[in-house]
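> For reference, the structure I am asking about is given below.
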Amino acid sequence: MKIKSILLGMSFAFLLVACGPKDADIEKEIDAKISGLAGVDVTVVKGVATISGTCQDDSVKQNAESIVKGVKGVKSVVNNCEIMAQEPVVAEPAPVEINPDTVLTTSVNEVVKAYSGVSASVANGVVTLTGEIKRSQLAPLIQSVQELKPKKVENKLTIK
């Protein structure tokens with residue numbers, strides 16, 4: 001009686017294993033679930049799913065693996081999907097903004113008031129600084145004038 005029970009149990013276990021999902025059926029189910037992932041292919045051999053192809057980025061690669069792992073009958077997953085090389089994004093340089101002479105003249109005259117002995121003129125977007133200035137005042141003056149967005153600053157100042 002014990003032998004019959006053991007043989008019956010082994011036969012039942014064999015039937016369960018034999019009746020498990022076939023590789024072709026697993027592949028079909030995976031293909032249906034990853035149909036939206038262009039460039040990704042999956043093959044199944046003895047329950048081992050191998051992902052191949054090219055993925056847009058790492059998140060797509062991981063998503064494909066998660067989908068495949070979730071399919072019934074998949075024992076393990078080998079993810080050989082390669083990440084596409086991304087072309088670097090080159091930002092367009094911001095256009096250079098140059099203030100008109102009337103705006104520059106008014107603004108430059110306000111800045112120059114703080115520096116005795118310095119005068120300025122504006123022509124075609126070019127600010128020309130003339131006169132005398134202390135070395136310690138030169139950098140702040142030039143920076144203040146450049147912030148006014150002229151085409152160019154010509155420094156013809158004499159350092160005291």
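In the structure tokens, chains take the letters A, B, ... in the order shown, each chain's residues start at 1, and ligands count up from 1 in the order shown.
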Contacts of A:Glu29 at 10 Å or less, counting only C-alpha atoms, minus same-chain residues fewer than 6 places along, as a PDB file with N, CA and C atoms, in the first residue's frame?

ATOM      1  N   ASP A  23       8.051  26.591 -22.848  1.00  0.00           N
ATOM      2  CA  ASP A  23       8.871  27.759 -23.188  1.00  0.00           C
ATOM      3  C   ASP A  23       8.199  28.631 -24.241  1.00  0.00           C
ATOM      4  N   VAL A  68       9.480  40.643 -17.351  1.00  0.00           N
ATOM      5  CA  VAL A  68       9.794  39.245 -17.649  1.00  0.00           C
ATOM      6  C   VAL A  68       9.783  38.403 -16.375  1.00  0.00           C
ATOM      7  N   VAL A  71       6.351  37.004 -15.218  1.00  0.00           N
ATOM      8  CA  VAL A  71       5.588  36.051 -16.027  1.00  0.00           C
ATOM      9  C   VAL A  71       5.697  34.654 -15.408  1.00  0.00           C
ATOM     10  N   LYS A  72       4.557  33.993 -15.271  1.00  0.00           N
ATOM     11  CA  LYS A  72       4.505  32.651 -14.675  1.00  0.00           C
ATOM     12  C   LYS A  72       5.311  31.672 -15.533  1.00  0.00           C
TER      13      LYS A  72
END
> Which of these, A:Cys55, A:Val77, A:Ala123, A:Ile133, has the shortest distance to A:Val40 once you count only C-alpha atoms?
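Among the listed residues, the smallest separation from A:Val40 belongs to A:Cys55.
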> Hey, can you check how far atom CA of A:Lys160 sits from atom CA of A:Leu104?
26.3 Å
> Taking the DSSP assignment computed from this structure's backbone, write out as an mmCIF file with all heavy atoms, in the first residue's frame all residues of stretch 25-69 of chain A that belong to strand (DSSP E).

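Contents of the output file selection21.cif:
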data_model
loop_
_atom_site.group_PDB
_atom_site.id
_atom_site.type_symbol
_atom_site.label_atom_id
_atom_site.label_comp_id
_atom_site.auth_asym_id
_atom_site.auth_seq_id
_atom_site.Cartn_x
_atom_site.Cartn_y
_atom_site.Cartn_z
ATOM 1 N N VAL A 40 13.523 45.364 -27.994
ATOM 2 C CA VAL A 40 13.794 44.372 -26.953
ATOM 3 C C VAL A 40 13.223 43.029 -27.395
ATOM 4 O O VAL A 40 12.061 42.935 -27.782
ATOM 5 C CB VAL A 40 13.169 44.801 -25.601
ATOM 6 C CG1 VAL A 40 13.397 43.740 -24.543
ATOM 7 C CG2 VAL A 40 13.742 46.134 -25.158
ATOM 8 N N ASP A 41 14.052 41.979 -27.333
ATOM 9 C CA ASP A 41 13.626 40.623 -27.681
ATOM 10 C C ASP A 41 13.880 39.716 -26.488
ATOM 11 O O ASP A 41 14.829 39.916 -25.731
ATOM 12 C CB ASP A 41 14.425 40.099 -28.881
ATOM 13 C CG ASP A 41 14.172 40.911 -30.145
ATOM 14 O OD1 ASP A 41 12.998 41.089 -30.497
ATOM 15 O OD2 ASP A 41 15.153 41.364 -30.757
ATOM 16 N N VAL A 42 13.029 38.669 -26.340
ATOM 17 C CA VAL A 42 13.201 37.713 -25.251
ATOM 18 C C VAL A 42 13.069 36.304 -25.802
ATOM 19 O O VAL A 42 12.147 36.012 -26.572
ATOM 20 C CB VAL A 42 12.148 37.942 -24.135
ATOM 21 C CG1 VAL A 42 12.336 36.923 -23.025
ATOM 22 C CG2 VAL A 42 12.248 39.346 -23.578
ATOM 23 N N THR A 43 13.996 35.449 -25.419
ATOM 24 C CA THR A 43 13.911 34.029 -25.738
ATOM 25 C C THR A 43 13.864 33.260 -24.422
ATOM 26 O O THR A 43 14.445 33.689 -23.429
ATOM 27 C CB THR A 43 15.116 33.557 -26.574
ATOM 28 O OG1 THR A 43 16.313 33.883 -25.874
ATOM 29 C CG2 THR A 43 15.135 34.211 -27.942
ATOM 30 N N VAL A 44 13.162 32.105 -24.436
ATOM 31 C CA VAL A 44 13.031 31.300 -23.227
ATOM 32 C C VAL A 44 13.488 29.880 -23.537
ATOM 33 O O VAL A 44 13.018 29.265 -24.496
ATOM 34 C CB VAL A 44 11.572 31.290 -22.712
ATOM 35 C CG1 VAL A 44 11.458 30.441 -21.455
ATOM 36 C CG2 VAL A 44 11.087 32.707 -22.449
ATOM 37 N N VAL A 45 14.420 29.380 -22.721
ATOM 38 C CA VAL A 45 14.897 28.012 -22.841
ATOM 39 C C VAL A 45 14.894 27.402 -21.436
ATOM 40 O O VAL A 45 15.580 27.898 -20.542
ATOM 41 C CB VAL A 45 16.322 27.959 -23.453
ATOM 42 C CG1 VAL A 45 16.835 26.536 -23.493
ATOM 43 C CG2 VAL A 45 16.343 28.594 -24.828
ATOM 44 N N VAL A 48 14.388 29.724 -18.531
ATOM 45 C CA VAL A 48 15.338 30.835 -18.372
ATOM 46 C C VAL A 48 15.085 31.829 -19.505
ATOM 47 O O VAL A 48 15.252 31.496 -20.686
ATOM 48 C CB VAL A 48 16.801 30.350 -18.400
ATOM 49 C CG1 VAL A 48 17.760 31.521 -18.314
ATOM 50 C CG2 VAL A 48 17.052 29.357 -17.273
ATOM 51 N N ALA A 49 14.675 33.031 -19.151
ATOM 52 C CA ALA A 49 14.374 34.074 -20.133
ATOM 53 C C ALA A 49 15.612 34.935 -20.349
ATOM 54 O O ALA A 49 16.214 35.424 -19.392
ATOM 55 C CB ALA A 49 13.215 34.930 -19.648
ATOM 56 N N THR A 50 15.998 35.095 -21.604
ATOM 57 C CA THR A 50 17.150 35.936 -21.955
ATOM 58 C C THR A 50 16.648 37.141 -22.727
ATOM 59 O O THR A 50 16.032 36.996 -23.783
ATOM 60 C CB THR A 50 18.175 35.148 -22.800
ATOM 61 O OG1 THR A 50 18.575 33.990 -22.053
ATOM 62 C CG2 THR A 50 19.380 36.005 -23.113
ATOM 63 N N ILE A 51 16.922 38.321 -22.176
ATOM 64 C CA ILE A 51 16.521 39.576 -22.817
ATOM 65 C C ILE A 51 17.696 40.066 -23.638
ATOM 66 O O ILE A 51 18.828 40.127 -23.155
ATOM 67 C CB ILE A 51 16.148 40.641 -21.763
ATOM 68 C CG1 ILE A 51 15.053 40.125 -20.831
ATOM 69 C CG2 ILE A 51 15.716 41.940 -22.444
ATOM 70 C CD1 ILE A 51 14.787 41.020 -19.641
ATOM 71 N N SER A 52 17.421 40.437 -24.885
ATOM 72 C CA SER A 52 18.477 40.983 -25.749
ATOM 73 C C SER A 52 17.913 42.152 -26.528
ATOM 74 O O SER A 52 16.729 42.428 -26.491
ATOM 75 C CB SER A 52 19.005 39.897 -26.696
ATOM 76 O OG SER A 52 17.943 39.406 -27.495
ATOM 77 N N GLY A 53 18.797 42.854 -27.213
ATOM 78 C CA GLY A 53 18.387 44.008 -28.002
ATOM 79 C C GLY A 53 18.988 45.282 -27.450
ATOM 80 O O GLY A 53 19.975 45.259 -26.715
ATOM 81 N N THR A 54 18.362 46.387 -27.798
ATOM 82 C CA THR A 54 18.863 47.691 -27.395
ATOM 83 C C THR A 54 17.761 48.456 -26.676
ATOM 84 O O THR A 54 16.658 48.587 -27.186
ATOM 85 C CB THR A 54 19.320 48.495 -28.636
ATOM 86 O OG1 THR A 54 20.232 47.698 -29.376
ATOM 87 C CG2 THR A 54 19.998 49.776 -28.238
ATOM 88 N N CYS A 55 18.095 48.963 -25.485
ATOM 89 C CA CYS A 55 17.159 49.758 -24.697
ATOM 90 C C CYS A 55 17.558 51.227 -24.766
ATOM 91 O O CYS A 55 18.735 51.546 -24.860
ATOM 92 C CB CYS A 55 17.168 49.306 -23.238
ATOM 93 S SG CYS A 55 16.568 47.623 -23.001
#
> With only C-alpha atoms as the atoms that count, which of A:Lys152, A:Ile98, A:Val126, A:Val118 lies nearest to A:Leu138?
A:Val118
> Report as a VMD selection string all protein, DNA and RNA residues lying within 12 Å of A:Ala120, evaluated on only C-alpha atoms, omitting residues in the same chain fewer than 2 positions from it.
chain A and resid 104 to 113 115 to 118 122 to 123 126 to 132 141 to 142 145 153 to 157
> Where does DSSP see alpha helix (DSSP H) in chain A, if you list the residues as number ranges by chain?
A: 2-18, 23-33, 58-69, 101-112, 135-146
> In Å, with one decimal, what is the gap from atom CA of A:Ile34 to atom CA of A:Asn80?
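Straight-line distance from atom CA of A:Ile34 to atom CA of A:Asn80 works out to 15.3 Å.
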> Between atom CA of A:Leu148 and atom CA of A:Asn99, measure the distance and give it in Å to one decimal.
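We find that atom CA of A:Leu148 and atom CA of A:Asn99 lie 7.3 Å from each other.
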> Between A:Ile30, A:Pro150, A:Gln137, A:Asp57, which is the closest to A:Gly70 once you count only C-alpha atoms?
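Residue with the minimum atom-to-atom distance to A:Gly70: A:Ile30.
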